[in-house]
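Chemist: This is the content of model08.cif (mmCIF, C-alpha atoms):
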data_data
loop_
_atom_site.label_atom_id
_atom_site.label_comp_id
_atom_site.auth_asym_id
_atom_site.auth_seq_id
_atom_site.Cartn_x
_atom_site.Cartn_y
_atom_site.Cartn_z
CA MET A 1 29.25 9.26 26.54
CA ASP A 2 28.99 8.37 22.86
CA GLN A 3 27.22 5.07 22.35
CA TYR A 4 29.14 4.06 19.24
CA THR A 5 32.87 3.99 18.44
CA ARG A 6 34.32 5.62 15.32
CA ASN A 7 34.62 2.28 13.51
CA GLN A 8 31.02 1.41 14.34
CA LYS A 9 29.84 4.76 12.95
CA ILE A 10 31.79 4.13 9.74
CA LEU A 11 30.23 0.67 9.39
CA TRP A 12 26.74 2.10 9.97
CA ALA A 13 27.40 4.80 7.35
CA ILE A 14 28.63 2.23 4.80
CA GLY A 15 25.65 0.01 5.50
CA THR A 16 23.25 2.94 5.06
CA VAL A 17 24.81 3.90 1.73
CA VAL A 18 24.62 0.31 0.47
CA VAL A 19 20.95 -0.01 1.46
CA LEU A 20 20.05 3.34 -0.11
CA PHE A 21 21.89 2.42 -3.32
CA TYR A 22 20.16 -0.97 -3.47
CA ALA A 23 16.74 0.63 -2.87
CA LEU A 24 17.10 3.60 -5.20
CA ILE A 25 18.89 2.10 -8.20
CA PRO A 26 15.67 0.48 -9.60
CA VAL A 27 13.91 3.84 -9.33
CA ALA A 28 16.78 5.61 -11.10
CA TRP A 29 16.91 2.86 -13.71
CA ILE A 30 13.22 3.35 -14.62
CA LEU A 31 13.48 7.16 -14.40
CA SER A 32 16.26 7.28 -17.01
CA PRO A 33 14.32 5.87 -20.03
CA SER A 34 11.25 7.92 -19.07
CA LEU A 35 13.30 11.08 -19.82
CA LYS A 36 14.79 9.89 -23.12
CA THR A 37 13.61 10.63 -26.63
CA PRO A 38 12.57 7.73 -28.92
CA GLU A 39 15.83 8.24 -30.86
CA THR A 40 18.10 7.85 -27.79
CA ILE A 41 16.19 5.32 -25.70
CA GLY A 42 18.26 2.45 -27.07
CA ASP A 43 21.68 4.08 -26.75
CA GLN A 44 22.62 2.00 -23.63
CA SER A 45 23.50 5.20 -21.76
CA PHE A 46 22.22 5.64 -18.23
CA PHE A 47 22.02 9.45 -18.37
CA PRO A 48 19.73 10.92 -21.07
CA SER A 49 21.66 12.95 -23.63
CA ASP A 50 18.50 14.83 -24.63
CA VAL A 51 16.03 15.18 -21.74
CA THR A 52 12.35 15.25 -22.71
CA PHE A 53 9.04 15.01 -20.88
CA ASP A 54 7.09 13.89 -23.94
CA ASN A 55 6.77 10.37 -22.54
CA TYR A 56 4.86 11.72 -19.52
CA SER A 57 2.46 13.69 -21.68
CA ALA A 58 2.01 10.63 -23.95
CA VAL A 59 0.74 8.35 -21.15
CA PHE A 60 -2.02 10.83 -20.29
CA GLU A 61 -3.29 11.16 -23.86
CA GLU A 62 -6.93 10.32 -24.37
CA GLY A 63 -7.65 6.88 -25.74
CA LEU A 64 -4.85 5.06 -23.94
CA GLY A 65 -6.92 4.33 -20.85
CA PHE A 66 -4.24 5.33 -18.34
CA ASN A 67 -6.22 8.24 -16.90
CA ARG A 68 -9.19 6.00 -16.09
CA ALA A 69 -6.87 3.26 -14.76
CA LEU A 70 -5.16 5.75 -12.45
CA LEU A 71 -8.55 6.92 -11.16
CA ASN A 72 -9.57 3.29 -10.60
CA SER A 73 -6.38 2.62 -8.62
CA ILE A 74 -6.87 5.66 -6.40
CA GLY A 75 -10.54 4.95 -5.72
CA ILE A 76 -10.21 1.22 -5.13
CA ALA A 77 -7.14 1.58 -2.89
CA LEU A 78 -8.73 4.36 -0.81
CA ILE A 79 -12.04 2.51 -0.34
CA THR A 80 -10.17 -0.67 0.59
CA THR A 81 -8.08 1.24 3.15
CA VAL A 82 -11.06 3.00 4.76
CA LEU A 83 -13.13 -0.19 5.02
CA ALA A 84 -10.18 -2.20 6.34
CA LEU A 85 -9.46 0.37 9.06
CA ALA A 86 -13.13 0.74 10.05
CA PHE A 87 -13.72 -2.99 10.46
CA ALA A 88 -10.24 -3.85 11.75
CA SER A 89 -10.28 -1.20 14.51
CA MET A 90 -13.53 -2.58 15.96
CA ALA A 91 -12.45 -6.21 15.54
CA ALA A 92 -9.01 -5.61 17.07
CA TYR A 93 -10.58 -3.71 19.99
CA ALA A 94 -13.01 -6.57 20.66
CA ILE A 95 -10.24 -9.17 20.50
CA THR A 96 -8.07 -7.14 22.88
CA ARG A 97 -10.69 -6.04 25.42
CA LEU A 98 -13.24 -8.86 25.51
CA GLU A 99 -12.70 -12.24 27.11
CA PHE A 100 -13.94 -15.16 25.02
CA PRO A 101 -12.54 -18.56 24.11
CA GLY A 102 -10.42 -18.83 20.96
CA LYS A 103 -8.97 -15.29 20.97
CA THR A 104 -5.44 -16.49 20.28
CA LEU A 105 -6.69 -18.84 17.58
CA ILE A 106 -8.60 -16.01 15.84
CA LEU A 107 -5.55 -13.75 15.92
CA ALA A 108 -3.30 -16.49 14.58
CA GLY A 109 -5.90 -17.23 11.89
CA ALA A 110 -5.95 -13.57 10.88
CA LEU A 111 -2.18 -13.58 10.45
CA ALA A 112 -2.30 -16.84 8.49
CA VAL A 113 -5.01 -15.51 6.13
CA SER A 114 -3.01 -12.34 5.45
CA MET A 115 -0.09 -14.52 4.33
CA PHE A 116 -2.26 -16.78 2.15
CA PRO A 117 -1.04 -16.98 -1.49
CA ALA A 118 -3.42 -14.97 -3.68
CA ILE A 119 -2.85 -17.24 -6.68
CA SER A 120 -4.68 -20.08 -4.90
CA VAL A 121 -8.00 -18.16 -4.71
CA VAL A 122 -7.99 -15.98 -7.81
CA GLY A 123 -9.12 -18.82 -10.09
CA GLY A 124 -12.18 -19.57 -7.97
CA LEU A 125 -13.02 -15.89 -7.66
CA PHE A 126 -12.93 -15.52 -11.45
CA ASN A 127 -15.75 -18.05 -11.87
CA VAL A 128 -17.79 -16.83 -8.89
CA TRP A 129 -17.46 -13.15 -9.82
CA ARG A 130 -18.73 -13.79 -13.36
CA VAL A 131 -21.80 -15.58 -11.98
CA VAL A 132 -22.72 -12.99 -9.34
CA GLY A 133 -21.93 -9.96 -11.53
CA LEU A 134 -18.86 -8.66 -9.68
CA TYR A 135 -16.45 -9.32 -12.54
CA ASP A 136 -14.83 -6.15 -13.92
CA THR A 137 -16.26 -3.92 -11.17
CA TRP A 138 -14.79 -1.92 -8.28
CA PRO A 139 -16.44 -4.13 -5.60
CA GLY A 140 -15.04 -7.15 -7.44
CA LEU A 141 -11.52 -5.93 -6.58
CA ILE A 142 -12.25 -4.30 -3.21
CA LEU A 143 -13.61 -7.55 -1.71
CA PRO A 144 -10.52 -9.71 -2.40
CA TYR A 145 -8.25 -6.83 -1.34
CA LEU A 146 -10.18 -6.63 1.94
CA SER A 147 -9.77 -10.36 2.51
CA PHE A 148 -6.02 -9.80 2.78
CA ALA A 149 -5.83 -6.23 4.15
CA LEU A 150 -8.37 -6.80 6.93
CA PRO A 151 -6.59 -9.67 8.74
CA LEU A 152 -3.27 -7.84 8.55
CA SER A 153 -4.87 -4.66 9.91
CA ILE A 154 -6.53 -6.60 12.75
CA TYR A 155 -3.25 -8.17 13.71
CA THR A 156 -1.41 -4.84 13.58
CA LEU A 157 -4.03 -2.85 15.51
CA SER A 158 -4.49 -5.48 18.21
CA ALA A 159 -0.83 -4.96 19.18
CA PHE A 160 -1.55 -1.25 19.72
CA PHE A 161 -4.76 -1.73 21.65
CA ARG A 162 -2.94 -4.04 24.07
CA GLU A 163 -0.56 -1.17 24.95
CA ILE A 164 -3.37 1.26 25.89
CA PRO A 165 -4.18 1.26 29.65
CA TRP A 166 -7.59 -0.23 30.38
CA ASP A 167 -8.11 2.35 33.17
CA LEU A 168 -8.46 5.19 30.63
CA GLU A 169 -11.56 3.58 29.18
CA LYS A 170 -12.97 2.93 32.63
CA ALA A 171 -12.37 6.57 33.61
CA ALA A 172 -14.21 7.81 30.51
CA GLN A 173 -17.17 5.57 31.26
CA MET A 174 -17.25 6.77 34.88
CA ASP A 175 -17.52 10.34 33.48
CA GLY A 176 -20.64 9.35 31.60
CA ALA A 177 -19.31 8.16 28.24
CA THR A 178 -20.85 5.13 26.62
CA GLY A 179 -18.72 2.23 25.48
CA MET A 180 -18.69 3.49 21.88
CA GLN A 181 -17.91 7.07 22.97
CA ALA A 182 -15.01 5.88 25.12
CA PHE A 183 -13.69 3.88 22.18
CA ARG A 184 -14.09 6.74 19.67
CA ARG A 185 -12.90 9.65 21.84
CA VAL A 186 -10.30 8.03 24.12
CA ILE A 187 -9.03 4.69 22.82
CA LEU A 188 -8.97 5.34 19.08
CA PRO A 189 -6.95 8.63 19.26
CA LEU A 190 -4.33 6.86 21.39
CA ALA A 191 -4.07 4.12 18.77
CA MET A 192 -3.64 6.53 15.83
CA PRO A 193 0.02 5.51 15.17
CA GLY A 194 -1.21 1.96 14.69
CA VAL A 195 -4.14 3.13 12.56
CA PHE A 196 -1.75 5.01 10.26
CA THR A 197 0.59 2.02 10.06
CA ALA A 198 -2.25 -0.37 9.22
CA GLY A 199 -3.71 2.12 6.74
CA ILE A 200 -0.43 2.56 4.89
CA LEU A 201 0.08 -1.20 4.67
CA ALA A 202 -3.48 -1.73 3.38
CA PHE A 203 -3.19 1.08 0.81
CA ILE A 204 0.18 -0.12 -0.51
CA ALA A 205 -1.09 -3.71 -0.80
CA ALA A 206 -4.15 -2.59 -2.79
CA TRP A 207 -2.19 -0.10 -4.89
CA ASN A 208 0.53 -2.57 -5.90
CA ASP A 209 -1.73 -5.52 -6.67
CA PHE A 210 -1.41 -6.90 -10.18
CA LEU A 211 -2.74 -10.46 -9.96
CA PHE A 212 -6.36 -9.79 -8.90
CA ALA A 213 -6.67 -6.70 -11.10
CA ASN A 214 -5.32 -8.60 -14.12
CA VAL A 215 -7.57 -11.67 -13.72
CA LEU A 216 -10.78 -10.02 -12.45
CA THR A 217 -11.00 -7.14 -14.95
CA SER A 218 -11.31 -6.96 -18.71
CA THR A 219 -12.11 -3.32 -19.52
CA ASP A 220 -11.28 0.20 -18.34
CA ALA A 221 -14.29 0.06 -15.98
CA ALA A 222 -12.16 -1.34 -13.16
CA ARG A 223 -8.69 -1.95 -14.62
CA THR A 224 -6.02 -0.48 -12.35
CA ALA A 225 -2.85 1.39 -13.33
CA PRO A 226 -0.34 -1.50 -12.93
CA VAL A 227 -2.44 -3.68 -15.24
CA ALA A 228 -3.03 -0.81 -17.68
CA LEU A 229 0.75 -0.47 -18.03
CA SER A 230 1.01 -4.10 -19.14
CA PHE A 231 -1.43 -3.33 -21.98
CA PHE A 232 0.26 -0.09 -22.90
CA ARG A 233 1.67 -0.02 -26.42
CA GLY A 234 2.64 3.62 -26.68
CA ALA A 235 1.04 6.61 -28.31
CA SER A 236 0.78 4.75 -31.65
CA GLN A 237 1.68 1.42 -33.18
CA PHE A 238 4.77 2.99 -34.74
CA THR A 239 6.14 4.31 -31.43
CA ASP A 240 8.54 2.41 -29.17
CA PRO A 241 6.55 2.17 -25.92
CA SER A 242 9.58 1.72 -23.62
CA GLY A 243 9.82 5.40 -22.69
CA ALA A 244 6.08 5.78 -22.14
CA ILE A 245 5.89 2.58 -20.06
CA ALA A 246 8.77 3.87 -17.91
CA ALA A 247 6.98 7.22 -17.51
CA GLY A 248 3.79 5.41 -16.48
CA ALA A 249 5.72 3.36 -13.93
CA VAL A 250 7.15 6.57 -12.43
CA VAL A 251 3.66 8.12 -12.26
CA VAL A 252 2.32 5.04 -10.45
CA THR A 253 5.20 5.19 -7.96
CA ILE A 254 4.75 8.88 -7.09
CA PRO A 255 1.60 8.54 -4.86
CA ILE A 256 3.32 5.96 -2.66
CA LEU A 257 6.41 8.18 -2.31
CA ILE A 258 4.28 11.21 -1.41
CA MET A 259 2.31 9.22 1.17
CA VAL A 260 5.45 7.84 2.81
CA LEU A 261 7.10 11.29 2.92
CA ILE A 262 4.01 12.91 4.48
CA PHE A 263 3.36 10.20 7.06
CA GLN A 264 6.93 8.98 7.64
CA ARG A 265 7.01 10.02 11.30
CA ARG A 266 3.71 8.31 12.09
CA ILE A 267 4.77 5.20 10.15
CA VAL A 268 8.08 4.93 12.02
CA SER A 269 6.33 5.64 15.30
CA GLY A 270 3.78 2.96 14.56
CA LEU A 271 6.29 0.34 13.51
CA THR A 272 8.50 0.92 16.54
CA SER A 273 5.93 1.47 19.30
CA GLY A 274 3.61 -1.45 18.89
CA ALA A 275 3.43 -3.15 15.53
CA VAL A 276 6.45 -5.33 16.14
CA LYS A 277 5.43 -6.37 19.62
CA GLY A 278 3.83 -9.74 20.07
#
Please express the file's structure as structure tokens.

Modeler:
Amino acid sequence: MDQYTRNQKILWAIGTVVVLFYALIPVAWILSPSLKTPETIGDQSFFPSDVTFDNYSAVFEEGLGFNRALLNSIGIALITTVLALAFASMAAYAITRLEFPGKTLILAGALAVSMFPAISVVGGLFNVWRVVGLYDTWPGLILPYLSFALPLSIYTLSAFFREIPWDLEKAAQMDGATGMQAFRRVILPLAMPGVFTAGILAFIAAWNDFLFANVLTSTDAARTAPVALSFFRGASQFTDPSGAIAAGAVVVTIPILIMVLIFQRRIVSGLTSGAVKG
């Protein structure tokens, strides 16, 4: 028996189209000027009359700093994700499996910290980082990213660890496995949907950050791609940078799209099997 009536299917289809249009129109809006020539970029037309890829080649020209900024974004986001998953998986496992007072308070604190406004701490970090030598360095960005990605990963992974039967770990230990071996070979593989979900969230948060990267960097040594775009003035001072900035924005968006397309099944599985459970 069909679960939905014809009218319900039509409403679901209309809703899906509206959501897709709302989500994709900003992407299409930024893609259009990235394909226009400098002569047609101000013609108020949505579709380019003369398609060109010169804007994409312009952003990668030497001397503009975008290549180094893109490398910084990839490296800093990946390191943040790996460290967040490594520490969060052990912390979430301990919170779920061990009995100690204040577990609920720690978990609630982790969620509260992940929602903390970044603007309230970035000013203090600016002064401290300059004193201790972390200003304008990769660790100077990775540490504040971890302070937000780690609590969120702990909260997400703890929901998955609670769904794994405790008897599986006991059975592995009865077969001779140590506590760490049981965690690494039995528990962690079962929690992989949650690990992927937490990893994607941590990577996207680090990749999209603008505030920390703008305040805590001053040169190409650690400046990330979103901040580099704000400094971008085009291939020369006589060139309208709108098309090149749009091309840079599309380039920065592509890694996130590729990641979501590759891991979409694991992300959906993770979000629906444990991440939304209390």

Chemist: Counting only C-alpha atoms, which of A:Pro117, A:Gly109, A:Pro48, A:Pro226 gets nearest to Pro151 in chain A?

Modeler: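 Closest candidate: A:Gly109.
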
Chemist: Closest to Thr52 in chain A among A:Ala91, A:Ala247, A:Ala205, A:Leu229, using only C-alpha atoms?

Modeler: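 Of the candidates, the smallest distance to Thr52 in chain A is held by A:Ala247.
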
Chemist: Find the residues near Thr81 in chain A: any atom within 6 Å, counting all atoms listed in the file, skip ones fewer than 6 places away on the same chain, and give them as JSON, numbers by chain.

Modeler: {"A": [199, 202, 203]}

Chemist: Let me make sure I understand: among A:Val51, A:Phe21, A:Trp12, A:Thr178, which one has the smallest atom-to-atom distance to Glu39 in chain A if we use only C-alpha atoms?

Modeler: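 Of A:Val51, A:Phe21, A:Trp12, A:Thr178, the one nearest Glu39 in chain A, counting only C-alpha atoms, is A:Val51.
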
Chemist: Which residues, named as in the file, does the PyMOL selection byres ((chain A and resi 206) around 10) pick out? Answer as a list of chain:residue names.

Modeler: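 With the shown file as input, the PyMOL selection byres ((chain A and resi 206) around 10) matches A:Ser73, A:Ile74, A:Ile76, A:Ala77, A:Leu78, A:Ile79, A:Thr80, A:Thr81, A:Leu141, A:Ile142, A:Pro144, A:Tyr145, A:Leu146, A:Phe148, A:Ala149, A:Ile200, A:Leu201, A:Ala202, A:Phe203, A:Ile204, A:Ala205, A:Trp207, A:Asn208, A:Asp209, A:Phe210, A:Phe212, A:Ala213, A:Thr224.
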
Chemist: Choose the residue, out of A:Ala58, A:Ala108, A:Leu11, A:Leu20, that has the smallest atom-to-atom separation from Ala244 in chain A; count only C-alpha atoms.

Modeler: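 Residue with the minimum atom-to-atom distance to Ala244 in chain A: A:Ala58.
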
Chemist: Counting all atoms listed in the file, which of A:Arg223, A:Arg185, A:Thr253, A:Asn55 gets nearest to Leu71 in chain A?

Modeler: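 Between A:Arg223, A:Arg185, A:Thr253, A:Asn55, the residue approaching Leu71 in chain A most closely is A:Arg223.
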
Chemist: Hey, what comes out of the PyMOL selection byres ((chain A and resi 37) around 9) on this file? Could you write it as a PyMOL selection string?

Modeler: chain A and resi 33-36+38-41+48-55+243

Chemist: May I have the residues from that selection written out with C-alpha atoms, as a PDB file, in the frame of the given file?

Modeler:
ATOM      1  CA  PRO A  33      14.320   5.870 -20.030  1.00  0.00           C
ATOM      2  CA  SER A  34      11.250   7.920 -19.070  1.00  0.00           C
ATOM      3  CA  LEU A  35      13.300  11.080 -19.820  1.00  0.00           C
ATOM      4  CA  LYS A  36      14.790   9.890 -23.120  1.00  0.00           C
ATOM      5  CA  PRO A  38      12.570   7.730 -28.920  1.00  0.00           C
ATOM      6  CA  GLU A  39      15.830   8.240 -30.860  1.00  0.00           C
ATOM      7  CA  THR A  40      18.100   7.850 -27.790  1.00  0.00           C
ATOM      8  CA  ILE A  41      16.190   5.320 -25.700  1.00  0.00           C
ATOM      9  CA  PRO A  48      19.730  10.920 -21.070  1.00  0.00           C
ATOM     10  CA  SER A  49      21.660  12.950 -23.630  1.00  0.00           C
ATOM     11  CA  ASP A  50      18.500  14.830 -24.630  1.00  0.00           C
ATOM     12  CA  VAL A  51      16.030  15.180 -21.740  1.00  0.00           C
ATOM     13  CA  THR A  52      12.350  15.250 -22.710  1.00  0.00           C
ATOM     14  CA  PHE A  53       9.040  15.010 -20.880  1.00  0.00           C
ATOM     15  CA  ASP A  54       7.090  13.890 -23.940  1.00  0.00           C
ATOM     16  CA  ASN A  55       6.770  10.370 -22.540  1.00  0.00           C
ATOM     17  CA  GLY A 243       9.820   5.400 -22.690  1.00  0.00           C
TER      18      GLY A 243
END
